[in-house]
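Chemist: Contents of final.cif (mmCIF, C-alpha atoms) are below:
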data_run
loop_
_atom_site.group_PDB
_atom_site.id
_atom_site.type_symbol
_atom_site.label_atom_id
_atom_site.label_comp_id
_atom_site.auth_asym_id
_atom_site.auth_seq_id
_atom_site.Cartn_x
_atom_site.Cartn_y
_atom_site.Cartn_z
ATOM 1 C CA MET A 76 29.087 -18.671 12.261
ATOM 2 C CA ASP A 77 32.640 -18.041 10.987
ATOM 3 C CA LEU A 78 34.899 -20.324 13.038
ATOM 4 C CA SER A 79 38.002 -19.914 10.889
ATOM 5 C CA ARG A 80 39.837 -17.818 13.509
ATOM 6 C CA ILE A 81 39.263 -20.080 16.515
ATOM 7 C CA LYS A 82 42.369 -20.719 18.632
ATOM 8 C CA LEU A 83 40.715 -22.043 21.799
ATOM 9 C CA VAL A 84 37.923 -24.610 22.259
ATOM 10 C CA VAL A 85 36.373 -25.033 25.706
ATOM 11 C CA THR A 86 33.686 -27.530 26.633
ATOM 12 C CA ASP A 87 31.764 -28.494 29.717
ATOM 13 C CA MET A 88 31.550 -32.237 30.397
ATOM 14 C CA ASP A 89 28.208 -33.513 31.804
ATOM 15 C CA GLY A 90 25.284 -32.682 29.554
ATOM 16 C CA THR A 91 27.668 -31.297 26.939
ATOM 17 C CA LEU A 92 30.650 -33.369 25.796
ATOM 18 C CA LEU A 93 29.461 -36.461 27.688
ATOM 19 C CA ASN A 94 26.313 -38.231 26.552
ATOM 20 C CA SER A 95 23.597 -39.286 29.016
ATOM 21 C CA ARG A 96 25.611 -42.439 29.796
ATOM 22 C CA HIS A 97 28.547 -40.209 30.818
ATOM 23 C CA GLN A 98 30.621 -41.289 27.807
ATOM 24 C CA VAL A 99 32.881 -39.401 25.406
ATOM 25 C CA SER A 100 32.332 -40.425 21.794
ATOM 26 C CA PRO A 101 35.196 -41.908 19.723
ATOM 27 C CA LEU A 102 34.462 -39.193 17.142
ATOM 28 C CA PHE A 103 35.488 -36.504 19.591
ATOM 29 C CA PHE A 104 38.963 -38.000 19.989
ATOM 30 C CA ASP A 105 39.357 -38.077 16.197
ATOM 31 C CA LEU A 106 38.322 -34.419 16.010
ATOM 32 C CA TYR A 107 40.685 -33.545 18.849
ATOM 33 C CA LYS A 108 43.615 -34.832 16.770
ATOM 34 C CA GLN A 109 42.636 -32.340 14.085
ATOM 35 C CA LEU A 110 42.375 -29.549 16.652
ATOM 36 C CA ARG A 111 45.877 -30.279 17.857
ATOM 37 C CA LYS A 112 47.205 -30.538 14.296
ATOM 38 C CA ASN A 113 45.895 -27.010 13.718
ATOM 39 C CA ASN A 114 47.385 -25.687 16.987
ATOM 40 C CA ILE A 115 43.967 -25.139 18.565
ATOM 41 C CA LEU A 116 44.087 -25.302 22.357
ATOM 42 C CA PHE A 117 41.497 -27.540 24.047
ATOM 43 C CA VAL A 118 40.110 -27.057 27.558
ATOM 44 C CA ALA A 119 37.747 -29.380 29.445
ATOM 45 C CA ALA A 120 35.862 -27.384 32.104
ATOM 46 C CA SER A 121 33.666 -29.163 34.628
ATOM 47 C CA GLY A 122 32.298 -29.230 38.133
ATOM 48 C CA ARG A 123 33.798 -32.706 38.353
ATOM 49 C CA GLN A 124 36.914 -33.608 40.296
ATOM 50 C CA PHE A 125 40.195 -33.313 38.365
ATOM 51 C CA GLY A 126 40.779 -37.059 38.445
ATOM 52 C CA SER A 127 37.313 -37.788 37.091
ATOM 53 C CA ILE A 128 37.773 -35.439 34.118
ATOM 54 C CA ALA A 129 41.214 -36.863 33.441
ATOM 55 C CA GLU A 130 39.797 -40.388 33.499
ATOM 56 C CA LYS A 131 37.065 -39.525 30.981
ATOM 57 C CA LEU A 132 39.670 -37.961 28.680
ATOM 58 C CA ALA A 133 42.451 -40.444 29.431
ATOM 59 C CA PRO A 134 43.926 -40.628 25.883
ATOM 60 C CA ILE A 135 44.567 -36.865 25.844
ATOM 61 C CA ARG A 136 44.732 -35.952 29.539
ATOM 62 C CA ASP A 137 48.439 -35.005 29.369
ATOM 63 C CA GLU A 138 47.962 -32.715 26.378
ATOM 64 C CA ILE A 139 44.973 -30.592 27.397
ATOM 65 C CA ILE A 140 44.052 -28.048 30.058
ATOM 66 C CA ILE A 141 41.608 -29.268 32.688
ATOM 67 C CA ILE A 142 39.455 -26.821 34.643
ATOM 68 C CA ALA A 143 38.038 -28.819 37.558
ATOM 69 C CA GLU A 144 35.705 -28.149 40.485
ATOM 70 C CA ASN A 145 33.839 -25.404 38.574
ATOM 71 C CA GLY A 146 36.963 -23.338 38.068
ATOM 72 C CA ALA A 147 38.460 -23.575 41.547
ATOM 73 C CA PHE A 148 41.313 -25.738 40.247
ATOM 74 C CA ALA A 149 42.974 -25.864 36.821
ATOM 75 C CA VAL A 150 45.919 -27.945 35.610
ATOM 76 C CA GLN A 151 47.961 -28.254 32.419
ATOM 77 C CA GLN A 152 50.469 -31.077 32.000
ATOM 78 C CA GLY A 153 50.847 -31.439 35.754
ATOM 79 C CA LYS A 154 51.287 -27.699 36.329
ATOM 80 C CA GLU A 155 48.763 -25.951 38.543
ATOM 81 C CA LEU A 156 47.335 -22.932 36.713
ATOM 82 C CA VAL A 157 44.576 -21.883 39.122
ATOM 83 C CA SER A 158 43.844 -22.702 42.757
ATOM 84 C CA THR A 159 41.130 -20.803 44.612
ATOM 85 C CA PRO A 160 40.325 -22.366 48.008
ATOM 86 C CA LEU A 161 37.057 -21.887 49.871
ATOM 87 C CA PRO A 162 37.378 -19.014 52.406
ATOM 88 C CA GLY A 163 38.119 -20.198 55.924
ATOM 89 C CA GLY A 164 35.225 -20.412 58.344
ATOM 90 C CA LYS A 165 32.519 -20.853 55.712
ATOM 91 C CA LYS A 166 32.475 -24.650 55.602
ATOM 92 C CA ASN A 167 30.653 -25.221 58.864
ATOM 93 C CA GLU A 168 28.187 -22.400 58.212
ATOM 94 C CA VAL A 169 27.191 -24.100 54.964
ATOM 95 C CA LEU A 170 26.991 -27.523 56.593
ATOM 96 C CA GLU A 171 24.744 -26.127 59.309
ATOM 97 C CA LYS A 172 22.338 -24.709 56.716
ATOM 98 C CA LEU A 173 22.285 -28.015 54.850
ATOM 99 C CA SER A 174 21.550 -30.025 57.993
ATOM 100 C CA SER A 175 17.884 -29.040 57.727
ATOM 101 C CA VAL A 176 17.523 -30.255 54.122
ATOM 102 C CA THR A 177 16.255 -33.822 53.765
ATOM 103 C CA ASP A 178 18.323 -36.038 51.454
ATOM 104 C CA ALA A 179 21.089 -33.468 50.962
ATOM 105 C CA HIS A 180 24.556 -34.986 50.538
ATOM 106 C CA PRO A 181 27.395 -32.466 51.063
ATOM 107 C CA ILE A 182 30.868 -33.331 49.757
ATOM 108 C CA LEU A 183 34.032 -31.460 50.736
ATOM 109 C CA CYS A 184 36.238 -31.207 47.655
ATOM 110 C CA GLY A 185 40.011 -30.984 47.971
ATOM 111 C CA LYS A 186 42.437 -30.867 45.045
ATOM 112 C CA GLY A 187 43.263 -34.549 45.259
ATOM 113 C CA SER A 188 40.363 -36.117 47.111
ATOM 114 C CA ALA A 189 36.769 -35.565 48.184
ATOM 115 C CA TYR A 190 35.286 -36.235 51.609
ATOM 116 C CA LEU A 191 31.798 -37.281 52.648
ATOM 117 C CA SER A 192 30.259 -38.226 55.958
ATOM 118 C CA GLU A 193 29.371 -41.704 57.136
ATOM 119 C CA SER A 194 25.687 -40.724 56.992
ATOM 120 C CA SER A 195 26.019 -40.420 53.200
ATOM 121 C CA SER A 196 27.765 -43.777 52.729
ATOM 122 C CA GLU A 197 24.833 -45.219 50.740
ATOM 123 C CA PHE A 198 25.335 -42.363 48.281
ATOM 124 C CA GLN A 199 28.794 -43.664 47.294
ATOM 125 C CA SER A 200 27.587 -45.583 44.236
ATOM 126 C CA LYS A 201 26.369 -42.319 42.667
ATOM 127 C CA LEU A 202 29.392 -40.356 43.849
ATOM 128 C CA GLN A 203 31.772 -42.707 42.049
ATOM 129 C CA GLU A 204 30.651 -41.410 38.662
ATOM 130 C CA TYR A 205 31.963 -37.925 39.498
ATOM 131 C CA TYR A 206 34.748 -38.551 42.020
ATOM 132 C CA THR A 207 37.489 -41.103 41.409
ATOM 133 C CA THR A 208 39.156 -40.437 44.767
ATOM 134 C CA TYR A 209 37.207 -39.909 47.974
ATOM 135 C CA GLU A 210 37.127 -40.793 51.659
ATOM 136 C CA VAL A 211 34.295 -41.409 54.115
ATOM 137 C CA ILE A 212 35.072 -39.556 57.352
ATOM 138 C CA PRO A 213 33.281 -39.474 60.722
ATOM 139 C CA ASP A 214 32.586 -35.738 60.927
ATOM 140 C CA LEU A 215 32.680 -33.107 58.174
ATOM 141 C CA TYR A 216 32.516 -30.342 60.788
ATOM 142 C CA GLU A 217 35.872 -31.456 62.235
ATOM 143 C CA PHE A 218 37.636 -31.640 58.867
ATOM 144 C CA ASP A 219 40.339 -28.918 58.847
ATOM 145 C CA GLN A 220 42.235 -29.359 55.568
ATOM 146 C CA GLU A 221 42.020 -26.994 52.593
ATOM 147 C CA ILE A 222 39.041 -27.467 50.297
ATOM 148 C CA VAL A 223 38.233 -25.768 47.002
ATOM 149 C CA LYS A 224 34.481 -26.430 46.932
ATOM 150 C CA ILE A 225 31.473 -27.853 48.733
ATOM 151 C CA ALA A 226 29.365 -29.878 46.320
ATOM 152 C CA VAL A 227 25.845 -30.840 47.380
ATOM 153 C CA TYR A 228 23.799 -33.603 45.761
ATOM 154 C CA HIS A 229 20.044 -34.095 45.925
ATOM 155 C CA ASP A 230 18.233 -37.096 44.440
ATOM 156 C CA ILE A 231 15.273 -35.132 43.098
ATOM 157 C CA SER A 232 16.219 -31.532 42.298
ATOM 158 C CA SER A 233 19.135 -29.357 43.396
ATOM 159 C CA GLU A 234 17.403 -26.212 42.159
ATOM 160 C CA GLN A 235 14.221 -26.940 44.103
ATOM 161 C CA TYR A 236 15.634 -28.307 47.371
ATOM 162 C CA ILE A 237 19.300 -27.295 47.800
ATOM 163 C CA TYR A 238 19.574 -23.861 46.230
ATOM 164 C CA PRO A 239 16.879 -22.202 48.393
ATOM 165 C CA ALA A 240 18.695 -23.372 51.525
ATOM 166 C CA VAL A 241 22.080 -21.916 50.525
ATOM 167 C CA ARG A 242 21.232 -18.908 48.353
ATOM 168 C CA SER A 243 21.838 -16.643 51.378
ATOM 169 C CA PHE A 244 25.571 -17.329 50.914
ATOM 170 C CA GLU A 245 25.612 -15.606 47.507
ATOM 171 C CA SER A 246 26.926 -12.375 49.061
ATOM 172 C CA ASP A 247 30.059 -14.200 50.257
ATOM 173 C CA LEU A 248 30.445 -17.247 48.008
ATOM 174 C CA GLN A 249 29.913 -18.489 44.489
ATOM 175 C CA VAL A 250 26.677 -20.514 44.643
ATOM 176 C CA LYS A 251 25.914 -22.400 41.435
ATOM 177 C CA VAL A 252 23.220 -24.835 40.390
ATOM 178 C CA SER A 253 25.626 -26.923 38.316
ATOM 179 C CA GLY A 254 23.330 -29.756 37.293
ATOM 180 C CA GLU A 255 19.926 -31.301 37.854
ATOM 181 C CA HIS A 256 21.137 -32.839 41.109
ATOM 182 C CA TRP A 257 24.064 -30.585 42.095
ATOM 183 C CA VAL A 258 24.729 -27.233 43.754
ATOM 184 C CA ASP A 259 28.324 -26.046 44.259
ATOM 185 C CA LEU A 260 29.585 -23.469 46.764
ATOM 186 C CA SER A 261 33.055 -22.009 46.416
ATOM 187 C CA HIS A 262 35.218 -18.875 46.611
ATOM 188 C CA PRO A 263 33.639 -15.862 44.824
ATOM 189 C CA ASP A 264 36.338 -16.113 42.135
ATOM 190 C CA ALA A 265 36.085 -19.890 41.820
ATOM 191 C CA HIS A 266 34.079 -20.227 38.639
ATOM 192 C CA LYS A 267 34.821 -21.432 35.133
ATOM 193 C CA GLY A 268 34.952 -17.888 33.772
ATOM 194 C CA TYR A 269 37.701 -16.851 36.191
ATOM 195 C CA ALA A 270 39.854 -19.831 35.220
ATOM 196 C CA LEU A 271 39.171 -19.370 31.509
ATOM 197 C CA LYS A 272 40.079 -15.674 31.671
ATOM 198 C CA LYS A 273 43.463 -16.622 33.160
ATOM 199 C CA ILE A 274 44.039 -19.076 30.294
ATOM 200 C CA GLN A 275 43.037 -16.528 27.651
ATOM 201 C CA GLU A 276 45.440 -14.006 29.185
ATOM 202 C CA ASN A 277 48.269 -16.552 29.402
ATOM 203 C CA TYR A 278 47.960 -17.425 25.714
ATOM 204 C CA GLY A 279 46.920 -14.019 24.373
ATOM 205 C CA ILE A 280 43.635 -15.412 23.023
ATOM 206 C CA ARG A 281 40.693 -13.047 22.499
ATOM 207 C CA PRO A 282 36.955 -13.733 22.881
ATOM 208 C CA GLU A 283 36.515 -13.725 19.100
ATOM 209 C CA GLU A 284 39.066 -16.557 18.932
ATOM 210 C CA THR A 285 37.273 -18.624 21.593
ATOM 211 C CA LEU A 286 34.578 -21.292 21.137
ATOM 212 C CA VAL A 287 32.737 -22.413 24.296
ATOM 213 C CA PHE A 288 30.101 -25.146 24.788
ATOM 214 C CA GLY A 289 27.863 -25.416 27.853
ATOM 215 C CA ASP A 290 24.534 -26.578 29.211
ATOM 216 C CA TYR A 291 24.061 -25.391 32.807
ATOM 217 C CA ASN A 292 24.275 -22.284 34.998
ATOM 218 C CA ASN A 293 27.861 -22.975 36.042
ATOM 219 C CA ASP A 294 28.835 -22.427 32.382
ATOM 220 C CA LEU A 295 27.470 -18.881 32.112
ATOM 221 C CA GLU A 296 30.626 -16.995 33.160
ATOM 222 C CA MET A 297 32.873 -18.810 30.710
ATOM 223 C CA MET A 298 30.325 -18.460 27.904
ATOM 224 C CA SER A 299 30.386 -14.685 28.401
ATOM 225 C CA LEU A 300 34.109 -14.745 27.486
ATOM 226 C CA ALA A 301 33.525 -16.210 24.025
ATOM 227 C CA THR A 302 32.096 -14.598 20.916
ATOM 228 C CA TYR A 303 31.226 -18.134 19.871
ATOM 229 C CA SER A 304 29.232 -19.348 22.888
ATOM 230 C CA VAL A 305 27.178 -22.435 22.047
ATOM 231 C CA ALA A 306 24.338 -23.874 24.137
ATOM 232 C CA MET A 307 23.380 -27.509 23.858
ATOM 233 C CA ALA A 308 19.758 -28.115 22.790
ATOM 234 C CA ASN A 309 19.298 -29.800 26.193
ATOM 235 C CA ALA A 310 20.635 -26.752 28.074
ATOM 236 C CA HIS A 311 19.065 -24.932 31.005
ATOM 237 C CA PRO A 312 16.842 -22.017 29.849
ATOM 238 C CA ASN A 313 19.335 -19.512 31.294
ATOM 239 C CA VAL A 314 22.085 -20.927 29.085
ATOM 240 C CA LEU A 315 19.896 -21.056 25.990
ATOM 241 C CA SER A 316 19.106 -17.390 26.546
ATOM 242 C CA ALA A 317 22.718 -16.319 27.164
ATOM 243 C CA ALA A 318 24.430 -18.232 24.345
ATOM 244 C CA ASN A 319 25.019 -16.695 20.933
ATOM 245 C CA TYR A 320 24.460 -20.021 19.158
ATOM 246 C CA GLN A 321 22.800 -23.398 19.702
ATOM 247 C CA THR A 322 23.716 -26.935 18.684
ATOM 248 C CA LEU A 323 22.245 -30.446 18.964
ATOM 249 C CA THR A 324 21.817 -32.270 22.286
ATOM 250 C CA ASN A 325 24.663 -34.043 24.031
ATOM 251 C CA ASP A 326 23.172 -37.394 22.959
ATOM 252 C CA GLU A 327 23.138 -36.219 19.350
ATOM 253 C CA GLY A 328 26.804 -35.185 19.355
ATOM 254 C CA GLY A 329 26.202 -31.452 19.506
ATOM 255 C CA VAL A 330 29.829 -30.592 20.309
ATOM 256 C CA GLU A 331 31.178 -32.813 17.536
ATOM 257 C CA HIS A 332 28.663 -31.346 15.074
ATOM 258 C CA ILE A 333 30.078 -27.835 15.543
ATOM 259 C CA LEU A 334 33.702 -28.982 15.641
ATOM 260 C CA GLN A 335 33.269 -30.774 12.320
ATOM 261 C CA LYS A 336 31.899 -27.581 10.778
ATOM 262 C CA MET A 337 34.771 -25.584 12.252
ATOM 263 C CA LEU A 338 37.476 -27.921 11.012
ATOM 264 C CA GLU A 339 36.155 -27.667 7.461
ATOM 265 C CA ASN A 340 37.677 -24.176 7.486
ATOM 266 C CA PHE A 341 41.192 -25.447 8.258
#
Would you kindly transcribe this structure into structure tokens?

Modeler:
Amino acid sequence: MDLSRIKLVVTDMDGTLLNSRHQVSPLFFDLYKQLRKNNILFVAASGRQFGSIAEKLAPIRDEIIIIAENGAFAVQQGKELVSTPLPGGKKNEVLEKLSSVTDAHPILCGKGSAYLSESSSEFQSKLQEYYTTYEVIPDLYEFDQEIVKIAVYHDISSEQYIYPAVRSFESDLQVKVSGEHWVDLSHPDAHKGYALKKIQENYGIRPEETLVFGDYNNDLEMMSLATYSVAMANAHPNVLSAANYQTLTNDEGGVEHILQKMLENF
């Protein structure tokens, strides 16, 4: 794997850059300094809320590009790069489908805040890991502000319990199993690949100059835009199959392992 021409590094967060305790290693921040010194652009791309990603990467948040909400929203140094709202009229259709799923927790995701119903109030302790700003509201059906995504959490398995209930929306929306417990529904163009393509075009960076790390199905589109697509050892089988390369698990520092090898060439 010749990484000497890399100009852009992109990494997912949960299951990839973050370990199983949802932490970023100190080593990564040291390696980031070397990336910046060599004029290599860094992008954090996640299904998380913008504020949550920025909090995890607080020391460098004002220097990097953040792709949030699975690509529906992207920001660089306070400037909005991508905003792809959920199509009007779809929210309540999705909520109606989810009403029949036991233990499903839908979250309406705006650019600055997330919204959940009073019936999911006990779920807040888990939500706080992924959403730094949120409100509990009486009725999600009555909510009429712009949202960029509907995220749905299930305690046991999103792929087993949530995805079958909402897969019928795939003809109109982006429906992604984005983690063991999460399914995200958004605009058809609201995925990490769409946002990454915009960034590549803005900076004139080609796939052969792009290094991407991922672990779950919501990473597939952005991995297809990189010659150097790397799956974590803990990745979903779909990602392991699609990636051109593989690294260690997120708990073994798989991202840092590859970055160290890359920076030896600079």

Chemist: For the provided coordinates, the residues matched by the PyMOL selection byres ((chain A and resi 315) around 12) should be stated as a list in words.

Modeler: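 For this structure, the PyMOL selection byres ((chain A and resi 315) around 12) captures Phe288, Gly289, Asp290, Tyr291, Asn292, Asp294, Leu295, Met298, Ser304, Val305, Ala306, Met307, Ala308, Asn309, Ala310, His311, Pro312, Asn313, Val314, Ser316, Ala317, Ala318, Asn319, Tyr320, Gln321, Thr322, Leu323 and Thr324 of chain A.
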
Chemist: Could you pull out every residue with an atom within 10 Å of (42.1, -16.0, 24.5), file coordinates, counting all atoms listed in the file, and send them as a list in words?

Modeler: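 Here is the list of nearby residues: Ile81, Lys82, Leu83, Val84, Leu116, Leu271, Lys272, Lys273, Ile274, Gln275, Glu276, Asn277, Tyr278, Gly279, Ile280, Arg281, Pro282, Glu283, Glu284, Thr285, Leu286, Leu300 and Ala301 of chain A.
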
Chemist: Show me the residues around (30.7, -25.2, 38.7) - criterion: an atom at most 10 Å away, all atoms listed in the file counted - as number ranges by chain.

Modeler: A: 87, 120-123, 142-147, 224, 226, 249-254, 257-261, 265-268, 291-296

Chemist: In Å, rounded to a single decimal, give me how far CA of Gly126 in chain A is from CA of Asp247 in chain A.

Modeler: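 About the pair CA of Asp247 in chain A and CA of Gly126 in chain A: they are 27.9 Å apart.
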
Chemist: If the PyMOL selection byres ((chain A and resi 187-202) around 8) is run on the structure shown, which residues does it catch, given as a list in words?

Modeler: Phe125, Gly126, His180, Pro181, Ile182, Leu183, Cys184, Gly185, Lys186, Gln203, Glu204, Tyr205, Tyr206, Thr208, Tyr209, Glu210, Val211, Ile212, Pro213, Asp214 and Leu215 of chain A

Chemist: Using the file's own x, y and z axes, so that the box edges lie along x, y and z, what centre and edge lengths in Å (one decimal) does a box around every listed atom of range 161-176 of chain A get when 3 Å is added on each side? Give it as JSON.

Modeler:
{"center_x": 27.8, "center_y": -24.6, "center_z": 54.6, "size_x": 26.6, "size_y": 17.2, "size_z": 15.4}

Chemist: Go through the shown structure with the PyMOL selection byres ((chain A and resi 91-103) around 8) and write out the matching residues as JSON, numbers by chain.

Modeler: {"A": [86, 87, 88, 89, 90, 104, 105, 106, 107, 131, 132, 288, 289, 290, 307, 324, 325, 326, 328, 329, 330, 331]}

Chemist: Which one of A:Met337, A:Ile222, A:Ala179, A:Leu170 sits closest to Ile115 in chain A if you count all atoms listed in the file?

Modeler: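 Between A:Met337, A:Ile222, A:Ala179, A:Leu170, the residue approaching Ile115 in chain A most closely is A:Met337.
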
Chemist: So that I can see what lies close to Asn113 in chain A, please list as a PyMOL selection string the residues with an atom at most 9 Å from it, counting all atoms listed in the file and leaving out residues fewer than 5 positions away in the same chain.

Modeler: chain A and resi 82+108+338+341

Chemist: Could you check how far CA of Ile140 in chain A sits from CA of Ser158 in chain A, in Å to one decimal?

Modeler: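 It comes out at 13.8 Å.
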
Chemist: Could you jot down the CA of Ile128 in chain A to CA of Val150 in chain A separation for me, Å, one decimal place?

Modeler: 11.2 Å
